[in-house]
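**Student:** I am attaching a structure below and will ask some questions about it afterwards.
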Amino acid sequence: MGAVMGTFSSLQTKQRRPSKDKIEDELEMTMVCHRPEGLEQLEAQTNFTKRELQVLYRGFKNECPSGVVNEETFKQIYAQFFPHGGDFLPKLQGLSKWVSLHPPSPHLPLYFADASTYAHYLFNAFDTTQTGSVKFEDFVSALSILLRGTVHEKLRWTFNLYDINKDGYINKEEMMDIVKAIYDMMGKYTYPVLKEDTPRQHVDVFFQKMDKNKDGIVTLDEFLESCQEDDNIMKSLQLFQNVM
Amino acid sequence: MAAGVATWLPFARAAAVGWLPLAQQPLPPAPEVKASRGDEVLVVNVSGRRFETWKNTLDRYPDTLLGSSEKEFFYDAESGEYFFDRDPDMFRHVLNFYRTGRLHCPRQECIQAFDEELAFYGLVPELVGDCCLEEYRDRKKENAERLAEDEEAEQAGEGPALPAGSSLRQRLWRAFENPHTSTAALVFYYVTGFFIAVSVIANVVETIPCRSSARRPTREQPCGDRFPMAFFCMDTACVLIFTGEYLLRLFAAPSRCRFLRSVMSLIDVVAILPYYIGLFVPKNDDVSGAFVTLRVFRVFRIFKFSRHSQGLRILGYTLKSCASELGFLLFSLTMAIIIFATVMFYAEKGTSKTNFTSIPAAFWYTIVTMTTLGYGDMVPSTIAGKIFGSICSLSGVLVIALPVPVIVSNFSRIYHQNQRADKRRAQQKVRLARIRLAKSGTTNAFLQYKQNGGLEDSGSGEGQALCVRSRSAFEQQHHHLLHCLEKTTCHEFTDELTFSEALGAVSLGGRTSRSTSVSSQPMGPGSLLSSCCPRRAKRRAIRLANSTASVSRGSMQELDTLAGLRRSPAPQSRSSLNAKPHDSLDLNCDSPDFVAAIISIPTPPVNTPDESQPSSPGGGGSGGRSNTTLRNSSLGTPCLLPETVKISSL
């Protein structure tokens with residue numbers, strides 16, 4: 001009788017208690033630990049100084065003690081910078097940092113923007129080997145390009161970001177996805193009110209500019225050429241030079 | 001390599017001398033050892049508390065943070081020590097691990113904090129020594145359970161909003177699993193509950209003897225036979241409802257095979273099957289005996305209540321989790337019953353007219369005695385029988401009393417956990433709301449900053465700059481990032497008030513504009529939008545559709561409301577952004593946001609097209625005006641400035 005009742009309830013409560021195996025699985029996962037290459041090697045490979053690398057690593061290690069970032073963590077980290085970053089409510093331990101920095105104001109809570117799609121594309125761009133996790137070396141080499149690289153390298157990285165399926169061409173659908181992801185980060189409460197086709201128009205404008213031979217796809221060369229023609233883009237690439 | 005082996009390596013190598021005589025080939029040359037500096041004392045500064053240890057101690061475990069070159073990332077050259085910004089109390093345990101090879105678990109610290117420290121220093125939880133391992137595991141399991149419950153409750157209870165395109169199946173299933181998500185689901189839930197109760201009560205009442213009418217005063221019949229039609233109708237109605245529910249659940253289940261195998265569906269089937277079998281069985285005497293037996297299964301309908309009652313589920317879960325104790329109880333009872341029944345049988349064998357006709361017959365006596373029921377239908381009459389009978393009842397008390405406290409404590413634990421979970425779920429909403437409020441502080445800070453005119457050029461905004469509260473470097477960079485995003489998308493962050501006002505204004509504008517003809521000012525609508533996205537405005541001007549006119553009229557209303565709300569910030573030049581002092585800031589994982597800002601740049605910024613295409617089609621008077629205003633301002637034109645101009649022109 002008790003067994004019968006027990007089986008009902010087990011199926012009702014949907015594995016209320018994690019079985020022993022699951023705990024062991026979790027323990028196994030924490031064993032995956034990655035240690036980065038030495039400081040000297042990283043200094044040689046990237047354009048950062050030792051001190052900057054130290055600072056970067058400390059921050060990296062704080063968020064990801066295991067030494068690798070997986071996509072979930074990446075999305076969570078990224079989402080913290082945008083109005084509430086979508087459905088990801090940071091775990092409380094990360095939040096206490098926030099609350100201390102920014103005491104709650106009596107304003108109304110804003111609608112959650114969704115930074116997770118864009119974070120997904122960013123993650124894929126960081127994860128050059130498509131392993132599903134970003135190690136500190138990948139992280140630092142990407143940052144090195146973005147902050148200290150040449151214009152050419154930066155534009156190349158951006159092209160790689162836009163090229164979602166990494167086939168070497170950007171087509172309209174990929175651009176549409178990226179632009180939609182960016183608009184998603186704005187959230188619902190924007191001025192002026194976000195219309196349905198705003199992203200598409202943005203993409204059309206972009207393609208008009210970038211697609212030189214009007215074949216519907218943008219190649220790396222077209223991209224580089226168009227960007228280099230545009231003064232504003234060139235100037236803004238310098239913007240984040242002195243970030244650290 | 002096993003722990004601490006490194007220190008024994010010289011010994012092992014020295015012992016290799018014993019192989020030398022036996023070696024048949026020349027041994028390889030020794031590796032070159034760089035001149036070691038000799039052992040030195042390292043200073044590890046953990047949040048101000050200095051720990052000093054030999055370098056060799058740390059080198060014992062080269063696959064941890066302190067043992068590998070990873071610690072160089074934390075080396076502070078000026079002070080010559082390794083600085084870690086972590087909990088010094090926990091570090092004590094970590095360092096002791098290096099010294100003794102055993103990791104002990106602190107009793108008074110939170111297990112999760114301990115876990116995090118271990119993860120940071122690269123130590124695997126398996127290294128926890130045997131003395132502390134059990135406790136560590138238990139606490140961790142308890143914690144994990146609690147967290148899993150939390151998440152589960154959040155997902156199941158709150159229910160993520162289904163995507164708009166969810167099929168009927170998904171919606172149905174969700175309604176079945178979480179009845180409080182919609183009113184219809186709740187109604188269905190209560191209706192089925194009611195019918196289960198009705199069906200069970202009908203089953204019970206059916207058997208009560210009804211006082212028959214005056215026609216047959218002597219015979220008493222059970223109510224079921226007196227009002228067969230009424231009970232049959234009630235039964236039919238209930239079975240129809242149950243069948244309908246079962247079929248609906250079958251339809252909605254995401255995995256039909258799994259649903260068919262699940263216990264609840266089996267109960268459902270067993271509850272309704274007797275009825276259908278009864279329909280098809282002809283009224284023979286021999287078969288109807290079996291049919292009557294089938295009616296017993298109708299009582300299983302009461303188990304359908306377990307979907308409705310959580311207490312029942314807790315009870316069932318407790319019993320399941322105590323399965324081993326229950327099994328032990330059952331087994332020991334069986335042993336005792338067999339022993340005592342045998343003894344009693346042989347003790348009473350001699351008596352004539354005894355009830356103890358066989359050992360199985362004596363089972364009944366033993367069970368009744370051990371559970372201290374004592375019906376008295378079977379009593380021993382010989383002295384030996386009485387002696388053994390009393391021993392039987394005494395031991396029965398013991399055997400039953402032993403496993404019961406285990407079950408009780410299990411039940412108490414699970415029950416309390418459940419209470420806690422419920423309370424937590426109730427408070428969860430409040431907690432989440434407060435968290436959201438806290439988090440909204442940032443963007444609100446950003447909006448407030450904008451409203452205070454913080455985005456003005458440092459040159460022109462001296463007066464106002466004083467009232468802008470000084471921001472930390474982090475805030476400055478963060479606001480810059482959000483500002484870049486605004487510029488990329490040509491939309492600004494607002495708060496709910498402004499948004500709803502603007503929304504209301506748009507709908508107003510839409511209604512009034514349908515009457516106005518488009519021809520009034522061809523460039524008007526276009527130029528209104530030129531402020532924000534001039535290129536797009538030009539394209540709109542080119543294709544003058546009614547819809548765009550109405551929309552742009554609406555945006556004019558928006559602008560009206562908005563112009564009232566804020567003053568237009570002066571244009572901000574890109575160069576001034578660079579001129580901002582950049583203090584060295586402690587980048588955590590803030591770096592990705594700069595990446596994102598760079599990423600967003602290549603999309604054409606707001607003002608380019610105007611400046612590069614002065615002779616745009618439909619430029620006209622107002623378009624030209626927009627051009628000039630834009631050209632007058634330097635690069636980063638905010639969306640508002642030309643709009644104020646436009647309003648005056650209209």
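Here's how to read the names in the structure tokens: chain A, B, ... by the order shown, residue numbers from 1 in each chain, ligand numbers from 1 in the order shown.
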Within 9 Å of Arg295 (chain B), counting only C-alpha atoms, which residues show up once you throw out same-chain ones fewer than 6 positions away? Write them as a tab-separated table (two decimals) with N, CA and C atoms, in the first residue's frame, please.
**Tutor:**
chain	number	residue	atom	x	y	z
B	274	PRO	N	-14.12	-0.57	-15.00
B	274	PRO	CA	-15.20	-1.47	-14.56
B	274	PRO	C	-16.55	-1.09	-15.14
B	275	TYR	N	-16.76	0.19	-15.25
B	275	TYR	CA	-18.04	0.63	-15.78
B	275	TYR	C	-18.24	0.12	-17.20
B	278	GLY	N	-18.71	-3.47	-17.32
B	278	GLY	CA	-20.05	-3.79	-16.87
B	278	GLY	C	-21.10	-3.57	-17.94
**Student:** I'd like the neighbourhood of Leu155 (chain A) as JSON, numbers by chain, where a residue qualifies if any of its atoms comes within 7 Å (using only C-alpha atoms), though same-chain residues fewer than 4 positions away should be ignored.
**Tutor:** {"A": [151, 159, 224]}
**Student:** Quick one: everything within 8 Å of Val203 (chain A), counting only C-alpha atoms, minus sequence neighbours fewer than 6 positions away in the same chain. Send it as a PDB file with all heavy atoms, in the first residue's frame.
**Tutor:**
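part25.pdb written:
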ATOM      1  N   LYS A 172      21.045  38.475 -45.568  1.00  0.00           N
ATOM      2  CA  LYS A 172      20.088  39.343 -44.907  1.00  0.00           C
ATOM      3  C   LYS A 172      19.510  38.712 -43.649  1.00  0.00           C
ATOM      4  O   LYS A 172      19.264  39.394 -42.669  1.00  0.00           O
ATOM      5  CB  LYS A 172      18.963  39.703 -45.883  1.00  0.00           C
ATOM      6  CG  LYS A 172      19.167  41.027 -46.501  1.00  0.00           C
ATOM      7  CD  LYS A 172      17.878  41.681 -46.969  1.00  0.00           C
ATOM      8  CE  LYS A 172      18.237  43.088 -47.443  1.00  0.00           C
ATOM      9  NZ  LYS A 172      17.302  43.663 -48.337  1.00  0.00           N
ATOM     10  N   MET A 175      21.865  39.128 -40.789  1.00  0.00           N
ATOM     11  CA  MET A 175      21.882  40.513 -40.342  1.00  0.00           C
ATOM     12  C   MET A 175      20.609  40.830 -39.588  1.00  0.00           C
ATOM     13  O   MET A 175      20.624  41.543 -38.583  1.00  0.00           O
ATOM     14  CB  MET A 175      22.007  41.419 -41.569  1.00  0.00           C
ATOM     15  CG  MET A 175      22.746  42.672 -41.293  1.00  0.00           C
ATOM     16  SD  MET A 175      24.290  42.338 -40.482  1.00  0.00           S
ATOM     17  CE  MET A 175      24.248  43.594 -39.259  1.00  0.00           C
ATOM     18  N   MET A 176      19.530  40.282 -40.076  1.00  0.00           N
ATOM     19  CA  MET A 176      18.247  40.498 -39.427  1.00  0.00           C
ATOM     20  C   MET A 176      18.278  39.964 -38.000  1.00  0.00           C
ATOM     21  O   MET A 176      17.816  40.628 -37.068  1.00  0.00           O
ATOM     22  CB  MET A 176      17.191  39.766 -40.250  1.00  0.00           C
ATOM     23  CG  MET A 176      15.775  40.135 -40.008  1.00  0.00           C
ATOM     24  SD  MET A 176      15.483  41.857 -40.137  1.00  0.00           S
ATOM     25  CE  MET A 176      14.087  41.944 -39.105  1.00  0.00           C
ATOM     26  N   VAL A 179      20.421  42.270 -35.871  1.00  0.00           N
ATOM     27  CA  VAL A 179      19.803  43.563 -35.570  1.00  0.00           C
ATOM     28  C   VAL A 179      18.639  43.381 -34.604  1.00  0.00           C
ATOM     29  O   VAL A 179      18.440  44.170 -33.678  1.00  0.00           O
ATOM     30  CB  VAL A 179      19.355  44.241 -36.880  1.00  0.00           C
ATOM     31  CG1 VAL A 179      18.466  45.416 -36.596  1.00  0.00           C
ATOM     32  CG2 VAL A 179      20.561  44.693 -37.655  1.00  0.00           C
TER      33      VAL A 179
END
**Student:** Env of Thr243 (chain B): 9 Å cut, atoms = only C-alpha atoms, seq-sep filter 6 positions within chain, self excluded. Answer as a PyMOL selection string.
**Tutor:** chain B and resi 268-269+272
**Student:** Since we have the selection now, will you write its residues out, keeping C-alpha atoms, as a PDB file, in the first residue's frame?
**Tutor:**
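Now in out05.pdb:
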ATOM      1  CA  ASP B 268      -7.677   6.777 -14.171  1.00  0.00           C
ATOM      2  CA  VAL B 269      -8.024   3.748 -16.381  1.00  0.00           C
ATOM      3  CA  ILE B 272     -13.367   3.912 -15.354  1.00  0.00           C
TER       4      ILE B 272
END
**Student:** List the neighbours of Ser395 (chain B) out to 9 Å using only C-alpha atoms; skip same-chain residues closer than 4 positions along the sequence, and give me the result as a count of residues only.
**Tutor:** 6
**Student:** Using Å and a single decimal, report how far CA of Val205 (chain B) sits from CA of Ser265 (chain B).
**Tutor:**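 Going from CA of Ser265 (chain B) over to CA of Val205 (chain B), I get 26.3 Å.
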**Student:** Excluding region 207-218 of chain A and residues on its chain fewer than 3 positions from it, collect all residues at most 10 Å away from it, counting only C-alpha atoms, and give them as JSON, numbers by chain.
**Tutor:** {"A": [159, 163, 168, 169, 170, 171, 172, 173, 174, 175, 201, 202, 203, 204, 221, 222, 223, 224, 225, 226, 227, 230], "B": [603, 604]}
**Student:** Which of these residues is nearest to chain A, using only C-alpha atoms: B:Lys71, B:Arg99, B:Arg298, B:Arg174?
**Tutor:** B:Lys71
